[in-house]
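Colleague: The structure that follows is given in the form of structure tokens.
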Amino acid sequence: MVKKLALLFVLAAASVWADGLSLTIGPPVAAQLAMPTKKFFGIFAVRINGCADVSKAQLKASGEGIVGDERRSAPTEPAATLTPGTYMVSRQWGNDGKWVVAVSATCGSETAGAIVPTHLNNMVREGIQLLPHAPTKAETDAALKAFNPAQ
Amino acid sequence: MTDREVSAEIIEACRHGDRDAFRVLYETYNDRVYSACLYFFHGDAAEAADVTQEVFVKLFSVIAGFREGAAFSTWLYRMVHNACIDSTRRKKVRERVPEIPAASVASHEMEFLHLRDAATVQQAVSSLPPKYRVAVLLRHFEDFSYEDMSKVMNCSMGTVASRLNRAHKLLAGVLAPLRDRVAAGGRDV
Amino acid sequence: MSERPKDEKFVHDALDRLPVVEAPDSIWRSIEASLDAPARAPERRVFWPRYRWAFAVATAALVAGIGLYWRTANRPHWEVTLTRAGKTTQEAVRAGDWLQTDASSTAEVRVGTIGTVEVSPHTRLRIVTTRPDEHRISLQHGQIKATITAPPKLFFVDTKSATAVDLGCQYTMNVDDYGNGLLNVTVGWVAFEWQGRQSLVPAGAQCRTHATAGPGTPYFEDAPKALVNALEDFDFANGGETSVGAILANARQRDTLTLWHLLSRVAPPLRAQIFDKMISLAPLPKGITRDKVLALDPQTLETWKNELAWTW
């Protein structure tokens, strides 16, 4: 009986860990109606999942790009919406070059991330990578290298 | 900006409680006062409306004490300055996320670049500490001299210069990506 | 002003991007209310002339006349930039005015402080209301492009067959004289309504409207042609079950926008087929049950739409 209970406990804990912290990336319309102001336009929406207290979660985003031969970074502050845990990410870089957005979220000791390719004012859904950790520089560079906005 | 100052007759009529004259005075300044408040409070229209109302109600109640010969706009904007700073102190600046714009359109629209620039500028202004922010907005919307600014902000001209200088440096840094577009006169073609 | 330091000049030029925003009318009303609030001034003696009733009537008439003049002179208006053959002129339009462009002219209307409407050639529209709480135009024919950055439900475009209700967006609307037309949304959302029927159209999607049927069912611009054709049959030509079958056969994950709208536009047997197709394309969120969807529970449908939007 005790062994059965212990097994149930482990399985329950595993399912919690299996749920864990994750991100959902979607088009701006997914969060547009929850924006505190309609003067805001984003390129994609981010939702933090699996966080016990989403009000304490933190989200960061950075545009990572290659313009000509130059590697650039452009921090962008995700805008909170009226729905807790949902944010809008805007573009803070120019039209030249190719850009991805490295997104990372923390909730307590857990981290999740995503790399979102973008083209002008839109995300490119096909290239989105969801990660169980904050994107590393190597991962971001690889995503940039592999991304061809012209496709 | 034209006709920044109302006529002495209007002010005199207001001092005698003439509501129509006060309406004229209000209409002369309301948009600029509201705009300065709107950008000071990060685009919060409700807060901007509240402070604008507060300023003008107070103005009407104390206008009898306005000294002839003084610049009315300086006196008015002293109230605007104080109301903005006081409101910030009272509410401990629940700093809203500033409006940040980038268009989410499939096609590349000039007007969205312009909109985006406007809100990028607004975001940059919002990032300034309140005393710098109000100084920048009053200087920009009213084109006050440093001397006038010192009366509005109730500090020395040296302090005015210092705050504006620091604010401009901060803004110039944050807005650096816009420099080419702004220098070209605004819109991409 | 003396020559500005370089940084200040750049910042000053950048700050020019911040427009002067029109103060809402409500502020003056609040000011008046505050000034009129009880804290009465001491009574003043007024000298009444001998024929005081006549004096009172004359004064009232004078005040009414001044008030009417003030109201007329200060009626809310929108600024219009008309462009014809490369030349531009500025005009003001008020509620009740018509605006018409021909083959060689366009116009840009500043809708109060909440946005702009670009008017294409061969377009005729009327300004209906210009109040701070309602900005409304009636599009008789032609094409407009609206860019609105206000809280939702402040800007409305009426046509003969549907009303576009802005939810914070940018869109293009094209109608003919009969009221047949196409709404195309590029940013945000638009609610397309007529006689109780509502289509919610997000960015990247479009929606037809027909004089005899009102707004159709929205679909994404990149939807398969076969789906679009079948949808047109369903919406405007009584396509029925055959059309729904073709829609389901051609629907992609993104087309759950269309399918979601169809749920409430078909009879229960077809509804169940649509539901089954939807869950094969996108997993059902927690808390959403088949029974509640098929019963068209409003909260359930709303929650599901909000979840589906992440896949659009």
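Ordered as shown in the structure tokens, chains take letters A, B, and onward, while each chain numbers its residues from 1 and ligands are numbered from 1 in the order shown.
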Return as a PDB file with C-alpha atoms, in the first residue's frame the residues belonging to chain C that are within 12 Å of chain A, counting only C-alpha atoms.
Modeller:
ATOM      1  CA  THR C 113      -8.051  62.051 -32.531  1.00  0.00           C
ATOM      2  CA  ILE C 114      -8.569  58.347 -33.013  1.00  0.00           C
ATOM      3  CA  GLY C 115      -7.284  57.654 -36.488  1.00  0.00           C
ATOM      4  CA  THR C 147      -6.560  53.061 -39.336  1.00  0.00           C
ATOM      5  CA  ILE C 148      -7.928  53.405 -35.841  1.00  0.00           C
ATOM      6  CA  THR C 149      -5.956  53.473 -32.619  1.00  0.00           C
ATOM      7  CA  ALA C 150      -8.741  54.094 -30.151  1.00  0.00           C
ATOM      8  CA  PRO C 151     -10.410  51.873 -27.570  1.00  0.00           C
ATOM      9  CA  PRO C 152     -12.831  49.473 -29.253  1.00  0.00           C
ATOM     10  CA  LYS C 153     -16.288  50.401 -30.491  1.00  0.00           C
ATOM     11  CA  LEU C 154     -15.673  54.062 -31.072  1.00  0.00           C
ATOM     12  CA  ASP C 166     -13.662  48.831 -34.975  1.00  0.00           C
ATOM     13  CA  LEU C 167     -11.961  46.854 -32.220  1.00  0.00           C
ATOM     14  CA  GLY C 168      -8.616  48.597 -32.628  1.00  0.00           C
ATOM     15  CA  CYS C 169      -7.301  47.958 -36.074  1.00  0.00           C
ATOM     16  CA  GLN C 170      -6.602  48.747 -39.660  1.00  0.00           C
ATOM     17  CA  VAL C 185      -8.400  43.395 -42.016  1.00  0.00           C
ATOM     18  CA  THR C 186      -4.686  44.048 -41.812  1.00  0.00           C
ATOM     19  CA  VAL C 187      -4.250  44.813 -38.103  1.00  0.00           C
ATOM     20  CA  GLY C 188      -6.261  43.865 -35.023  1.00  0.00           C
ATOM     21  CA  TRP C 189      -9.901  42.865 -35.192  1.00  0.00           C
ATOM     22  CA  VAL C 190     -13.097  44.147 -36.738  1.00  0.00           C
ATOM     23  CA  ALA C 191     -16.606  43.066 -35.831  1.00  0.00           C
ATOM     24  CA  LEU C 200     -15.285  38.656 -36.033  1.00  0.00           C
ATOM     25  CA  VAL C 201     -12.533  39.299 -38.556  1.00  0.00           C
ATOM     26  CA  PRO C 202      -8.896  39.252 -37.389  1.00  0.00           C
ATOM     27  CA  ALA C 203      -5.800  40.542 -39.130  1.00  0.00           C
ATOM     28  CA  GLY C 204      -4.986  38.545 -42.229  1.00  0.00           C
ATOM     29  CA  ALA C 205      -8.613  37.619 -42.825  1.00  0.00           C
ATOM     30  CA  ARG C 254      -5.636  28.071 -39.720  1.00  0.00           C
ATOM     31  CA  LEU C 257     -11.375  30.703 -37.822  1.00  0.00           C
ATOM     32  CA  THR C 303     -12.913  30.704 -24.651  1.00  0.00           C
ATOM     33  CA  TRP C 304     -12.309  28.367 -27.542  1.00  0.00           C
ATOM     34  CA  LYS C 305     -11.989  31.223 -30.020  1.00  0.00           C
ATOM     35  CA  ASN C 306      -9.446  32.944 -27.787  1.00  0.00           C
ATOM     36  CA  GLU C 307      -7.445  29.742 -27.603  1.00  0.00           C
ATOM     37  CA  LEU C 308      -7.699  29.064 -31.330  1.00  0.00           C
ATOM     38  CA  ALA C 309      -6.435  32.577 -32.039  1.00  0.00           C
ATOM     39  CA  TRP C 310      -2.988  31.408 -30.915  1.00  0.00           C
ATOM     40  CA  THR C 311      -2.896  29.134 -33.961  1.00  0.00           C
ATOM     41  CA  TRP C 312      -4.051  31.716 -36.457  1.00  0.00           C
TER      42      TRP C 312
END
Colleague: Taking only C-alpha atoms into account, which residues of chain B are within 7 Å of chain C, as a ChimeraX atom specification?
Modeller: /B:30-32,34-35,49,53,57,104-106,117-118,121,140,168-169,171-172,182
Colleague: Determine, counting only C-alpha atoms, which protein, DNA and RNA residues have an atom within 10 Å of an atom of Thr123 in chain C; residues of the same chain fewer than 5 positions away are not included. Present the result as a list of chain:residue names.
Modeller: C:Leu99, C:Gln100, C:Thr101, C:Asp102, C:Ala103, C:Ser105, C:Thr106, C:Ala107, C:Leu139, C:Gln140, C:His141, C:Gly142, C:Gln143, C:Ile144, C:Asn174, C:Val175, C:Asp176
Colleague: Taking C-alpha atoms for each residue, export the selection above as a short mmCIF file (atom, residue, chain, number, x, y, z; two decimals), in the first residue's frame.
Modeller:
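Listing of selection_0.cif after writing:
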data_model
loop_
_atom_site.label_atom_id
_atom_site.label_comp_id
_atom_site.auth_asym_id
_atom_site.auth_seq_id
_atom_site.Cartn_x
_atom_site.Cartn_y
_atom_site.Cartn_z
CA LEU C 99 -17.61 63.44 -49.11
CA GLN C 100 -17.17 62.24 -52.68
CA THR C 101 -14.08 61.54 -54.74
CA ASP C 102 -13.88 61.08 -58.48
CA ALA C 103 -11.47 59.26 -60.75
CA SER C 105 -9.08 62.52 -56.46
CA THR C 106 -8.46 60.96 -53.06
CA ALA C 107 -8.99 62.16 -49.53
CA LEU C 139 -20.10 54.28 -46.98
CA GLN C 140 -22.40 54.39 -49.96
CA HIS C 141 -19.92 53.03 -52.49
CA GLY C 142 -16.21 52.85 -53.14
CA GLN C 143 -13.24 51.98 -50.96
CA ILE C 144 -11.84 53.26 -47.71
CA ASN C 174 -14.93 48.06 -50.51
CA VAL C 175 -18.65 48.19 -51.38
CA ASP C 176 -20.78 48.76 -54.45
#
Colleague: Taking the DSSP secondary structure from the backbone, can you list the residues of range 91-229 of chain C that are helix (DSSP H, G or I), as a ChimeraX atom specification?
Modeller: /C:225-229
Colleague: Would you kindly return, as a list in words, each protein, DNA or RNA residue with an atom no farther than 7 Å from any atom of Leu231 in chain C, considering only C-alpha atoms and excluding same-chain residues fewer than 4 positions away?
Modeller: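 The contact residues come out as Leu227, Asp235, Ser243 and Ile247 of chain C.
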Colleague: Apply DSSP to the structure's backbone, then extract all residues of range 3-145 of chain A labelled strand (DSSP E or B) and return them as an mmCIF file with C-alpha atoms, in the first residue's frame.
Modeller:
data_model
loop_
_atom_site.group_PDB
_atom_site.id
_atom_site.type_symbol
_atom_site.label_atom_id
_atom_site.label_comp_id
_atom_site.auth_asym_id
_atom_site.auth_seq_id
_atom_site.Cartn_x
_atom_site.Cartn_y
_atom_site.Cartn_z
ATOM 1 C CA SER A 22 6.554 26.561 -21.451
ATOM 2 C CA LEU A 23 5.748 29.302 -23.912
ATOM 3 C CA THR A 24 3.061 29.609 -26.549
ATOM 4 C CA ILE A 25 3.820 31.882 -29.474
ATOM 5 C CA GLY A 26 0.990 33.236 -31.576
ATOM 6 C CA PHE A 41 1.022 46.975 -32.488
ATOM 7 C CA PHE A 44 3.729 38.311 -32.082
ATOM 8 C CA ALA A 45 2.120 37.377 -28.787
ATOM 9 C CA VAL A 46 3.685 35.249 -26.046
ATOM 10 C CA ARG A 47 1.920 33.311 -23.348
ATOM 11 C CA ILE A 48 3.626 31.789 -20.317
ATOM 12 C CA ASN A 49 2.218 28.377 -19.399
ATOM 13 C CA GLN A 58 9.434 37.421 -15.934
ATOM 14 C CA LEU A 59 9.653 37.617 -19.674
ATOM 15 C CA LYS A 60 12.510 38.983 -21.727
ATOM 16 C CA ALA A 61 12.924 39.365 -25.431
ATOM 17 C CA SER A 62 15.687 40.528 -27.695
ATOM 18 C CA GLY A 63 15.848 41.006 -31.400
ATOM 19 C CA GLU A 64 18.922 39.228 -32.746
ATOM 20 C CA GLY A 65 19.916 40.024 -36.266
ATOM 21 C CA ILE A 66 22.472 40.064 -39.000
ATOM 22 C CA VAL A 67 22.649 43.253 -41.035
ATOM 23 C CA GLU A 70 27.276 42.770 -38.704
ATOM 24 C CA ARG A 71 25.700 40.839 -35.896
ATOM 25 C CA ARG A 72 23.306 43.023 -33.918
ATOM 26 C CA SER A 73 21.068 42.889 -30.865
ATOM 27 C CA ALA A 74 18.039 45.062 -30.197
ATOM 28 C CA PRO A 75 16.373 44.601 -26.805
ATOM 29 C CA THR A 76 12.617 44.865 -26.901
ATOM 30 C CA ALA A 79 4.284 44.667 -23.273
ATOM 31 C CA ALA A 80 2.013 43.143 -20.657
ATOM 32 C CA THR A 86 0.316 37.101 -21.916
ATOM 33 C CA TYR A 87 2.527 39.646 -23.608
ATOM 34 C CA MET A 88 3.001 41.341 -26.927
ATOM 35 C CA VAL A 89 6.416 41.670 -28.496
ATOM 36 C CA LYS A 98 17.363 39.245 -41.030
ATOM 37 C CA TRP A 99 16.126 39.003 -37.481
ATOM 38 C CA VAL A 100 14.929 36.475 -34.957
ATOM 39 C CA VAL A 101 13.616 37.168 -31.481
ATOM 40 C CA ALA A 102 15.087 35.307 -28.539
ATOM 41 C CA VAL A 103 12.471 35.001 -25.809
ATOM 42 C CA SER A 104 13.046 33.720 -22.306
ATOM 43 C CA ALA A 105 10.692 33.347 -19.363
ATOM 44 C CA THR A 106 11.434 32.544 -15.761
ATOM 45 C CA CYS A 107 9.052 31.382 -13.094
ATOM 46 C CA GLU A 110 12.198 27.277 -14.004
ATOM 47 C CA THR A 111 13.068 28.747 -17.371
ATOM 48 C CA ALA A 112 11.601 28.355 -20.821
ATOM 49 C CA GLY A 113 12.449 29.992 -24.099
ATOM 50 C CA ALA A 114 11.728 30.393 -27.750
ATOM 51 C CA ILE A 115 13.385 31.616 -30.911
ATOM 52 C CA VAL A 116 10.943 33.321 -33.262
ATOM 53 C CA PRO A 117 12.028 34.244 -36.789
ATOM 54 C CA THR A 118 10.534 37.453 -38.076
ATOM 55 C CA HIS A 119 10.149 39.121 -41.414
ATOM 56 C CA ASN A 122 5.398 39.470 -38.898
ATOM 57 C CA MET A 123 6.599 36.353 -37.213
ATOM 58 C CA GLN A 129 11.630 26.881 -31.840
ATOM 59 C CA LEU A 130 10.245 26.279 -28.353
ATOM 60 C CA LEU A 131 12.937 25.491 -25.796
#
Colleague: Find the distance between CA of Val165 in chain C and CA of Phe192 in chain C and write it in Å to one decimal.
Modeller: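 Value for the CA of Val165 in chain C-CA of Phe192 in chain C distance: 6.2 Å.
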